[in-house]
$ cat final28.pdb   # PDB, C-alpha atoms (C1' of nucleotides)
ATOM      1  CA  MET A  16     218.313 325.133 219.300
ATOM      2  CA  SER A  17     221.669 326.600 220.154
ATOM      3  CA  ARG A  18     224.862 325.846 218.380
ATOM      4  CA  LEU A  19     226.988 322.856 219.180
ATOM      5  CA  PRO A  20     230.607 322.108 218.323
ATOM      6  CA  PHE A  21     229.536 319.739 215.581
ATOM      7  CA  SER A  22     228.334 320.052 212.029
ATOM      8  CA  ALA A  23     224.617 320.020 211.296
ATOM      9  CA  GLU A  24     225.005 316.703 209.586
ATOM     10  CA  ALA A  25     226.757 315.057 212.483
ATOM     11  CA  VAL A  26     224.135 316.391 214.839
ATOM     12  CA  GLU A  27     221.355 315.083 212.679
ATOM     13  CA  ARG A  28     222.872 311.658 212.496
ATOM     14  CA  ALA A  29     223.462 311.536 216.213
ATOM     15  CA  HIS A  30     219.827 312.356 216.783
ATOM     16  CA  ARG A  31     218.853 308.905 215.704
ATOM     17  CA  ILE A  32     220.103 307.337 218.890
ATOM     18  CA  ALA A  33     217.593 309.347 220.922
ATOM     19  CA  ALA A  34     215.081 306.502 221.172
ATOM     20  CA  LEU A  35     216.563 303.651 223.159
ATOM     21  CA  GLU A  36     215.310 300.218 224.072
ATOM     22  CA  PRO A  37     215.800 298.106 227.182
ATOM     23  CA  PRO A  38     219.464 297.081 227.558
ATOM     24  CA  ALA A  39     221.274 293.774 227.638
ATOM     25  CA  GLU A  40     223.737 292.605 230.302
ATOM     26  CA  VAL A  41     227.364 293.654 230.415
ATOM     27  CA  ASP A  42     230.495 291.718 231.185
ATOM     28  CA  PRO A  43     231.576 293.077 234.600
ATOM     29  CA  ARG A  44     235.239 293.202 233.642
ATOM     30  CA  VAL A  45     234.587 295.165 230.486
ATOM     31  CA  GLU A  46     232.264 297.381 232.439
ATOM     32  CA  ALA A  47     234.942 298.207 234.968
ATOM     33  CA  LEU A  48     237.399 299.215 232.268
ATOM     34  CA  VAL A  49     234.820 301.131 230.304
ATOM     35  CA  THR A  50     233.716 303.004 233.385
ATOM     36  CA  GLN A  51     237.250 303.947 234.234
ATOM     37  CA  LEU A  52     237.844 305.187 230.732
ATOM     38  CA  ILE A  53     234.666 307.175 230.655
ATOM     39  CA  GLY A  54     235.399 308.639 234.049
ATOM     40  CA  ARG A  55     238.756 309.828 232.896
ATOM     41  CA  VAL A  56     237.582 311.031 229.589
ATOM     42  CA  ALA A  57     234.467 312.746 230.829
ATOM     43  CA  ASP A  58     236.229 314.992 233.271
ATOM     44  CA  LYS A  59     235.836 318.713 232.989
ATOM     45  CA  TRP A  60     239.062 319.730 231.335
ATOM     46  CA  THR A  61     239.504 316.768 229.017
ATOM     47  CA  MET A  62     236.214 317.562 227.348
ATOM     48  CA  LEU A  63     236.963 321.234 226.943
ATOM     49  CA  ILE A  64     240.380 320.538 225.498
ATOM     50  CA  LEU A  65     238.919 317.917 223.204
ATOM     51  CA  GLU A  66     236.528 320.553 221.966
ATOM     52  CA  GLU A  67     239.125 323.220 221.375
ATOM     53  CA  LEU A  68     241.418 320.884 219.510
ATOM     54  CA  THR A  69     238.532 319.575 217.463
ATOM     55  CA  GLU A  70     237.680 323.116 216.569
ATOM     56  CA  ALA A  71     241.138 324.533 215.940
ATOM     57  CA  GLY A  72     242.910 321.471 214.573
ATOM     58  CA  GLU A  73     246.296 322.281 216.066
ATOM     59  CA  LEU A  74     247.268 324.593 218.897
ATOM     60  CA  ARG A  75     250.288 325.612 220.899
ATOM     61  CA  PHE A  76     250.341 325.410 224.655
ATOM     62  CA  THR A  77     249.718 329.092 225.298
ATOM     63  CA  ARG A  78     246.996 329.449 222.681
ATOM     64  CA  LEU A  79     245.261 326.416 224.069
ATOM     65  CA  SER A  80     245.354 327.797 227.590
ATOM     66  CA  ALA A  81     243.872 331.053 226.336
ATOM     67  CA  ARG A  82     241.039 329.215 224.653
ATOM     68  CA  VAL A  83     240.058 327.060 227.599
ATOM     69  CA  PRO A  84     238.393 329.471 229.983
ATOM     70  CA  GLY A  85     239.556 329.221 233.562
ATOM     71  CA  ILE A  86     242.089 326.419 233.248
ATOM     72  CA  SER A  87     245.285 326.741 235.222
ATOM     73  CA  GLN A  88     248.640 326.002 233.689
ATOM     74  CA  LYS A  89     248.982 323.035 235.992
ATOM     75  CA  MET A  90     245.705 321.461 234.952
ATOM     76  CA  LEU A  91     246.374 322.070 231.277
ATOM     77  CA  THR A  92     249.728 320.324 231.457
ATOM     78  CA  GLN A  93     248.349 317.505 233.528
ATOM     79  CA  THR A  94     245.317 316.915 231.346
ATOM     80  CA  LEU A  95     247.308 317.075 228.134
ATOM     81  CA  ARG A  96     249.766 314.512 229.517
ATOM     82  CA  GLN A  97     246.946 312.152 230.356
ATOM     83  CA  MET A  98     245.366 312.599 226.965
ATOM     84  CA  GLU A  99     248.704 312.006 225.315
ATOM     85  CA  ARG A 100     249.175 308.866 227.364
ATOM     86  CA  ASP A 101     245.748 307.619 226.363
ATOM     87  CA  GLY A 102     246.570 308.212 222.720
ATOM     88  CA  LEU A 103     244.075 311.036 222.282
ATOM     89  CA  VAL A 104     246.462 313.863 221.464
ATOM     90  CA  LEU A 105     249.732 314.092 219.604
ATOM     91  CA  ARG A 106     252.414 316.336 221.100
ATOM     92  CA  THR A 107     254.987 317.785 218.735
ATOM     93  CA  VAL A 108     258.022 319.569 220.127
ATOM     94  CA  HIS A 109     259.898 321.884 217.745
ATOM     95  CA  ALA A 110     263.539 322.210 218.686
ATOM     96  CA  VAL A 111     263.778 325.997 218.688
ATOM     97  CA  VAL A 112     264.294 328.764 221.247
ATOM     98  CA  PRO A 113     261.955 329.785 222.663
ATOM     99  CA  PRO A 114     260.335 326.360 222.658
ATOM    100  CA  CYS A 115     257.262 325.667 220.571
ATOM    101  CA  VAL A 116     254.969 322.723 221.234
ATOM    102  CA  ASP A 117     251.976 321.832 219.100
ATOM    103  CA  TYR A 118     249.061 319.733 220.200
ATOM    104  CA  ARG A 119     246.525 318.087 217.966
ATOM    105  CA  LEU A 120     244.064 315.243 218.187
ATOM    106  CA  THR A 121     244.881 311.773 216.988
ATOM    107  CA  ASP A 122     242.273 309.757 215.105
ATOM    108  CA  LEU A 123     241.399 308.185 218.412
ATOM    109  CA  GLY A 124     240.856 311.603 219.934
ATOM    110  CA  SER A 125     238.672 312.735 217.075
ATOM    111  CA  SER A 126     236.539 309.654 217.275
ATOM    112  CA  LEU A 127     236.038 310.197 220.979
ATOM    113  CA  SER A 128     234.979 313.742 220.324
ATOM    114  CA  ALA A 129     232.475 312.365 217.873
ATOM    115  CA  ALA A 130     231.209 309.834 220.371
ATOM    116  CA  PHE A 131     230.412 312.643 222.772
ATOM    117  CA  CYS A 132     228.301 314.355 220.183
ATOM    118  CA  GLY A 133     225.206 312.572 221.445
ATOM    119  CA  VAL A 134     225.749 313.754 224.989
ATOM    120  CA  TRP A 135     226.203 317.335 223.888
ATOM    121  CA  ILE A 136     223.028 317.192 221.961
ATOM    122  CA  TRP A 137     221.202 315.759 224.922
ATOM    123  CA  ALA A 138     222.516 318.443 227.252
ATOM    124  CA  ASP A 139     221.677 321.159 224.813
ATOM    125  CA  GLN A 140     218.174 319.891 224.232
ATOM    126  CA  HIS A 141     217.290 319.167 227.828
ATOM    127  CA  LEU A 142     218.960 322.077 229.556
ATOM    128  CA  ASP A 143     215.617 323.720 230.187
ATOM    129  CA  ARG A 144     214.017 320.638 231.647
ATOM    130  CA  VAL A 145     216.920 320.055 234.000
ATOM    131  CA  GLU A 146     216.827 323.681 235.057
ATOM    132  CA  ALA A 147     213.088 323.448 235.672
ATOM    133  CA  ALA A 148     213.460 320.204 237.609
ATOM    134  CA  ARG A 149     216.057 321.777 239.853
ATOM    135  CA  GLN A 150     213.888 324.753 240.644
ATOM    136  CA  ALA A 151     210.946 322.514 241.394
ATOM    137  CA  PHE A 152     213.079 320.353 243.663
ATOM    138  CA  ASP A 153     214.523 323.320 245.501
ATOM    139  CA  ALA A 154     211.083 324.821 245.981
ATOM    140  CA  ARG A 155     209.835 321.529 247.439
ATOM    141  CA  SER A 156     212.719 321.063 249.844
ATOM    142  CA  GLY A 157     212.854 324.724 250.779
ATOM    143  CA  ARG A 158     209.545 324.250 252.551
TER
ATOM    144  CA  MET B  21     232.820 292.924 220.489
ATOM    145  CA  SER B  22     231.694 292.663 224.081
ATOM    146  CA  ARG B  23     228.217 293.276 225.299
ATOM    147  CA  LEU B  24     226.964 296.717 226.095
ATOM    148  CA  PRO B  25     223.945 297.825 228.110
ATOM    149  CA  PHE B  26     222.049 298.610 224.918
ATOM    150  CA  SER B  27     220.194 296.682 222.278
ATOM    151  CA  ALA B  28     221.935 295.700 219.072
ATOM    152  CA  GLU B  29     219.706 298.062 217.164
ATOM    153  CA  ALA B  30     220.517 301.061 219.319
ATOM    154  CA  VAL B  31     224.182 300.253 219.029
ATOM    155  CA  GLU B  32     223.991 299.991 215.290
ATOM    156  CA  ARG B  33     222.249 303.305 215.000
ATOM    157  CA  ALA B  34     224.707 305.003 217.287
ATOM    158  CA  HIS B  35     227.543 303.738 215.139
ATOM    159  CA  ARG B  36     226.633 306.197 212.465
ATOM    160  CA  ILE B  37     228.004 309.126 214.404
ATOM    161  CA  ALA B  38     231.472 307.644 214.292
ATOM    162  CA  ALA B  39     232.627 309.765 211.346
ATOM    163  CA  LEU B  40     232.614 313.414 212.343
ATOM    164  CA  GLU B  41     233.295 316.613 210.438
ATOM    165  CA  PRO B  42     234.890 319.874 211.541
ATOM    166  CA  PRO B  43     232.690 321.613 214.125
ATOM    167  CA  ALA B  44     230.992 324.997 214.257
ATOM    168  CA  GLU B  45     231.316 327.593 217.018
ATOM    169  CA  VAL B  46     229.391 327.473 220.279
ATOM    170  CA  ASP B  47     227.672 330.172 222.285
ATOM    171  CA  PRO B  48     229.945 330.531 225.356
ATOM    172  CA  ARG B  49     227.019 330.797 227.766
ATOM    173  CA  VAL B  50     225.366 327.673 226.471
ATOM    174  CA  GLU B  51     228.715 325.966 226.492
ATOM    175  CA  ALA B  52     229.251 326.769 230.150
ATOM    176  CA  LEU B  53     225.903 325.319 231.147
ATOM    177  CA  VAL B  54     226.270 322.299 228.946
ATOM    178  CA  THR B  55     229.715 321.626 230.322
ATOM    179  CA  GLN B  56     228.494 321.886 233.863
ATOM    180  CA  LEU B  57     225.668 319.490 233.146
ATOM    181  CA  ILE B  58     227.904 317.008 231.429
ATOM    182  CA  GLY B  59     230.400 317.205 234.234
ATOM    183  CA  ARG B  60     227.755 316.414 236.764
ATOM    184  CA  VAL B  61     226.119 313.776 234.729
ATOM    185  CA  ALA B  62     229.284 312.072 233.613
ATOM    186  CA  ASP B  63     230.595 311.412 237.079
ATOM    187  CA  LYS B  64     231.404 307.906 238.156
ATOM    188  CA  TRP B  65     228.428 307.049 240.335
ATOM    189  CA  THR B  66     225.775 308.825 238.313
ATOM    190  CA  MET B  67     226.676 306.751 235.307
ATOM    191  CA  LEU B  68     226.684 303.488 237.172
ATOM    192  CA  ILE B  69     223.337 304.216 238.798
ATOM    193  CA  LEU B  70     221.923 305.289 235.474
ATOM    194  CA  GLU B  71     222.966 301.929 234.115
ATOM    195  CA  GLU B  72     221.518 299.877 236.911
ATOM    196  CA  LEU B  73     218.205 301.677 236.799
ATOM    197  CA  THR B  74     218.096 301.398 233.036
ATOM    198  CA  GLU B  75     218.675 297.705 233.400
ATOM    199  CA  ALA B  76     216.392 296.920 236.328
ATOM    200  CA  GLY B  77     213.621 299.454 235.758
ATOM    201  CA  GLU B  78     212.883 300.077 239.421
ATOM    202  CA  LEU B  79     214.964 299.386 242.511
ATOM    203  CA  ARG B  80     214.858 299.959 246.229
ATOM    204  CA  PHE B  81     217.668 301.674 248.051
ATOM    205  CA  THR B  82     219.310 298.551 249.404
ATOM    206  CA  ARG B  83     219.018 296.583 246.189
ATOM    207  CA  LEU B  84     220.516 299.453 244.289
ATOM    208  CA  SER B  85     223.451 299.692 246.653
ATOM    209  CA  ALA B  86     224.060 295.969 246.253
ATOM    210  CA  ARG B  87     224.104 296.321 242.486
ATOM    211  CA  VAL B  88     226.508 299.224 242.282
ATOM    212  CA  PRO B  89     229.853 297.700 243.137
ATOM    213  CA  GLY B  90     231.853 299.641 245.701
ATOM    214  CA  ILE B  91     229.514 302.522 246.320
ATOM    215  CA  SER B  92     229.187 303.731 249.889
ATOM    216  CA  GLN B  93     225.817 304.429 251.399
ATOM    217  CA  LYS B  94     226.702 308.088 251.593
ATOM    218  CA  MET B  95     227.580 308.396 247.921
ATOM    219  CA  LEU B  96     224.481 306.486 246.895
ATOM    220  CA  THR B  97     222.212 308.816 248.829
ATOM    221  CA  GLN B  98     224.044 311.879 247.635
ATOM    222  CA  THR B  99     224.092 310.873 243.997
ATOM    223  CA  LEU B 100     220.446 309.830 244.021
ATOM    224  CA  ARG B 101     219.479 313.187 245.537
ATOM    225  CA  GLN B 102     221.343 315.032 242.824
ATOM    226  CA  MET B 103     219.800 312.924 240.123
ATOM    227  CA  GLU B 104     216.383 313.487 241.618
ATOM    228  CA  ARG B 105     217.028 317.207 241.707
ATOM    229  CA  ASP B 106     218.083 317.177 238.065
ATOM    230  CA  GLY B 107     214.905 315.346 237.140
ATOM    231  CA  LEU B 108     216.684 312.128 236.174
ATOM    232  CA  VAL B 109     215.174 309.788 238.752
ATOM    233  CA  LEU B 110     211.820 309.547 240.441
ATOM    234  CA  ARG B 111     211.815 308.718 244.155
ATOM    235  CA  THR B 112     208.743 307.027 245.544
ATOM    236  CA  VAL B 113     208.313 306.658 249.294
ATOM    237  CA  HIS B 114     205.824 304.060 250.501
ATOM    238  CA  ALA B 115     204.389 304.935 253.893
ATOM    239  CA  VAL B 116     205.038 301.633 255.617
ATOM    240  CA  VAL B 117     207.232 300.349 258.433
ATOM    241  CA  PRO B 118     209.939 299.494 257.785
ATOM    242  CA  PRO B 119     210.231 302.175 255.110
ATOM    243  CA  CYS B 120     210.346 301.264 251.451
ATOM    244  CA  VAL B 121     211.661 303.645 248.808
ATOM    245  CA  ASP B 122     211.658 302.941 245.089
ATOM    246  CA  TYR B 123     213.855 304.626 242.535
ATOM    247  CA  ARG B 124     213.323 304.625 238.820
ATOM    248  CA  LEU B 125     214.420 306.709 235.863
ATOM    249  CA  THR B 126     212.274 309.475 234.477
ATOM    250  CA  ASP B 127     211.979 309.969 230.724
ATOM    251  CA  LEU B 128     214.721 312.517 231.054
ATOM    252  CA  GLY B 129     216.929 309.975 232.791
ATOM    253  CA  SER B 130     216.289 307.352 230.150
ATOM    254  CA  SER B 131     217.077 309.752 227.354
ATOM    255  CA  LEU B 132     220.365 310.630 229.028
ATOM    256  CA  SER B 133     221.211 306.990 229.312
ATOM    257  CA  ALA B 134     220.536 306.718 225.602
ATOM    258  CA  ALA B 135     222.702 309.722 224.831
ATOM    259  CA  PHE B 136     225.613 307.999 226.493
ATOM    260  CA  CYS B 137     225.246 305.020 224.235
ATOM    261  CA  GLY B 138     227.708 306.491 221.768
ATOM    262  CA  VAL B 139     230.345 306.928 224.431
ATOM    263  CA  TRP B 140     229.963 303.373 225.656
ATOM    264  CA  ILE B 141     230.371 302.083 222.177
ATOM    265  CA  TRP B 142     233.454 304.169 221.681
ATOM    266  CA  ALA B 143     235.008 302.987 224.934
ATOM    267  CA  ASP B 144     234.217 299.404 224.156
ATOM    268  CA  GLN B 145     235.632 299.591 220.663
ATOM    269  CA  HIS B 146     238.778 301.497 221.486
ATOM    270  CA  LEU B 147     239.720 299.990 224.802
ATOM    271  CA  ASP B 148     242.582 298.085 223.205
ATOM    272  CA  ARG B 149     244.011 301.100 221.451
ATOM    273  CA  VAL B 150     243.933 303.157 224.623
ATOM    274  CA  GLU B 151     245.574 300.364 226.541
ATOM    275  CA  ALA B 152     248.273 300.056 223.887
ATOM    276  CA  ALA B 153     248.824 303.814 223.809
ATOM    277  CA  ARG B 154     249.313 303.858 227.566
ATOM    278  CA  GLN B 155     251.874 301.085 227.484
ATOM    279  CA  ALA B 156     253.753 302.794 224.690
ATOM    280  CA  PHE B 157     253.733 306.084 226.566
ATOM    281  CA  ASP B 158     254.910 304.505 229.796
ATOM    282  CA  ALA B 159     257.663 302.652 227.979
ATOM    283  CA  ARG B 160     258.850 305.920 226.419
ATOM    284  CA  SER B 161     258.843 307.916 229.643
ATOM    285  CA  GLY B 162     260.264 305.061 231.644
ATOM    286  CA  ARG B 163     263.529 305.659 229.852
TER
ATOM    287  C1'  DC C  10     257.563 329.605 225.753
ATOM    288  C1'  DA C  11     256.439 325.624 227.994
ATOM    289  C1'  DG C  12     256.818 323.442 231.891
ATOM    290  C1'  DC C  13     258.100 321.498 236.654
ATOM    291  C1'  DA C  14     258.200 321.813 241.820
ATOM    292  C1'  DT C  15     256.273 323.293 245.933
ATOM    293  C1'  DC C  16     252.953 324.910 249.119
ATOM    294  C1'  DC C  17     248.426 325.332 250.730
ATOM    295  C1'  DA C  18     243.190 325.759 250.943
ATOM    296  C1'  DT C  19     239.275 323.396 249.664
ATOM    297  C1'  DT C  20     236.730 319.509 248.482
ATOM    298  C1'  DC C  21     235.715 314.719 248.474
ATOM    299  C1'  DA C  22     234.649 310.448 250.032
ATOM    300  C1'  DG C  23     234.988 306.500 253.373
ATOM    301  C1'  DA C  24     234.075 304.906 258.079
ATOM    302  C1'  DT C  25     231.373 305.160 261.992
ATOM    303  C1'  DA C  26     227.540 306.110 264.980
ATOM    304  C1'  DC C  27     222.844 307.267 265.472
ATOM    305  C1'  DT C  28     217.425 307.647 264.166
ATOM    306  C1'  DG C  29     212.235 307.693 262.553
TER
ATOM    307  C1'  DC D   2     214.956 300.019 255.884
ATOM    308  C1'  DA D   3     216.549 304.187 254.500
ATOM    309  C1'  DG D   4     218.505 307.367 255.670
ATOM    310  C1'  DT D   5     221.214 311.740 258.598
ATOM    311  C1'  DA D   6     225.274 313.614 261.097
ATOM    312  C1'  DT D   7     229.985 313.889 262.121
ATOM    313  C1'  DC D   8     234.839 313.062 261.830
ATOM    314  C1'  DT D   9     238.985 312.329 259.262
ATOM    315  C1'  DG D  10     242.427 311.037 255.817
ATOM    316  C1'  DA D  11     243.048 311.555 250.868
ATOM    317  C1'  DA D  12     242.843 313.706 246.689
ATOM    318  C1'  DT D  13     242.100 317.915 243.999
ATOM    319  C1'  DG D  14     243.351 322.067 242.186
ATOM    320  C1'  DG D  15     244.922 326.971 242.406
ATOM    321  C1'  DA D  16     248.877 330.245 243.258
ATOM    322  C1'  DT D  17     253.552 331.106 243.131
ATOM    323  C1'  DG D  18     258.395 330.810 241.982
ATOM    324  C1'  DC D  19     261.890 328.836 239.112
ATOM    325  C1'  DT D  20     264.240 326.868 234.629
ATOM    326  C1'  DG D  21     266.093 325.110 229.828
TER
END

$ encode --input "final28.pdb" --output "structure tokens"
Amino acid sequence: MSRLPFSAEAVERAHRIAALEPPAEVDPRVEALVTQLIGRVADKWTMLILEELTEAGELRFTRLSARVPGISQKMLTQTLRQMERDGLVLRTVHAVVPPCVDYRLTDLGSSLSAAFCGVWIWADQHLDRVEAARQAFDARSGR
Amino acid sequence: MSRLPFSAEAVERAHRIAALEPPAEVDPRVEALVTQLIGRVADKWTMLILEELTEAGELRFTRLSARVPGISQKMLTQTLRQMERDGLVLRTVHAVVPPCVDYRLTDLGSSLSAAFCGVWIWADQHLDRVEAARQAFDARSGR
DNA sequence: CAGCATCCATTCAGATACTG
DNA sequence: CAGTATCTGAATGGATGCTG
């Protein structure tokens, strides 16, 4: 198994949710809010930034942009603003010239990162099966 | 706490990942693939369909569209095709007129649904804090 | 350095019409 | 019933230039 951005212990613990039973019903209103939150939170850049900040602890704007492969300055700013608004990151501006701004995760942000651990594990473990399924599908429809 | 689309037992087990330690490094190539997969899998409609199929077990096209609030016929078809390609759903066509097509989750699909359990729990638990953070942020920037 | 403002190409997704 | 095909407005996101 390849390496994930989580400790071995956290991974092991998260493994235990792998076997799931039939679900109960959900309150539609809660569901709507939850879905919106997940949608926001599960977008491409938010997850990558979450990762980098989890890994590095605290980063400046430029360092962060260097660590997130392929992100534009616009998207980095935009995503960080959203995350700050949602209470996931803390933005600290140091009053110096040239300006220096640090970003780090709040407790809320860290806990979200932890919650995603299970999904990372799933993706990591089932990458091959998904890849195989895609090839099989493409072979079928190619004919 | 409000109700989630998972059994109490699964929820309880998933709770144990809530406390997370500092992470390790990731292989960039694996990370890219994992990220892509998560991005695809975490999109709005995929998640909602995953839920409905988890809940209902097996559904026909029309019933599914009725259960997923606000989805267009186009998006339903498109998302189901993607999920089928990724090996998450099984599509069964019955050769009758009028046509009848059943969709249900594969094992892979079910396990993904399970992997998301942790995220649902997080969203459910922290909804209030996110909401509060947003209001605080908006109040600050409104000035 | 950290970012905002603007422009522009691409993509996305809804509405509509049609079909085996 | 379960789609496919097409059109179109909306949203996304990159590139570029400018600023405290």

$ atom_distance --input "final28.pdb" --atom1 "CA of Lys64 (chain B)" --atom2 "CA of Pro84 (chain A)"
24.1 Å

$ resolve_selection --input "final28.pdb" --expression "the PyMOL selection byres ((chain C and resi 27) around 10)" --output "list in words"
DT25, DA26 and DT28 of chain C; DT5 and DA6 of chain D

$ interface_residues --input "final28.pdb" --of "chain D" --to "chain A" --cutoff "12 Å" --atoms "all atoms listed in the file" --output "NGL selection string"
:D and (13-17 or 21)

$ axis_aligned_box --input "final28.pdb" --around "region 11-18 of chain C" --padding-each-side "8 Å" --output "lines of an AutoDock Vina configuration file"
center_x = 250.7
center_y = 323.6
center_z = 239.5
size_x = 31.0
size_y = 20.3
size_z = 38.9

$ residues_around --input "final28.pdb" --residues "DG12 (chain C)" --least-positions-apart "2" --cutoff "12 Å" --atoms "all atoms listed in the file" --output "MDAnalysis selection string"
(chainID A and resid 76:77 88:93 96 114:116) or (chainID C and resid 10 14) or (chainID D and resid 19:21)

$ atom_distance --input "final28.pdb" --atom1 "CA of Ser156 (chain A)" --atom2 "CA of Ala62 (chain B)"
24.9 Å

$ interface_residues --input "final28.pdb" --of "chain C" --to "chain B" --cutoff "10 Å" --atoms "all atoms listed in the file" --output "PDB file with C-alpha atoms (C1' of nucleotides), keeping the file's coordinate frame"
ATOM      1  C1'  DA C  22     234.649 310.448 250.032  1.00  0.00           C
ATOM      2  C1'  DG C  23     234.988 306.500 253.373  1.00  0.00           C
ATOM      3  C1'  DA C  24     234.075 304.906 258.079  1.00  0.00           C
ATOM      4  C1'  DG C  29     212.235 307.693 262.553  1.00  0.00           C
TER       5       DG C  29
END

$ residues_around --input "final28.pdb" --residues "Gln102 (chain B)" --least-positions-apart "2" --cutoff "12 Å" --atoms "all atoms listed in the file" --output "list in words"
Val145, Ala148, Arg149, Phe152 and Asp153 of chain A; Leu57, Arg60, Val61, Asp63, Trp65, Thr66, Ile69, Met95, Leu96, Thr97, Gln98, Thr99, Leu100, Glu104, Arg105, Asp106, Gly107, Leu108, Val109, Leu110 and Arg111 of chain B

$ closest_residue --input "final28.pdb" --among "B:Val116, B:Leu70, B:Cys137, B:Ala86" --to "chain A" --atoms "all atoms listed in the file"
B:Cys137

$ atom_distance --input "final28.pdb" --atom1 "CA of Ala135 (chain B)" --atom2 "CA of Leu53 (chain B)"
17.1 Å
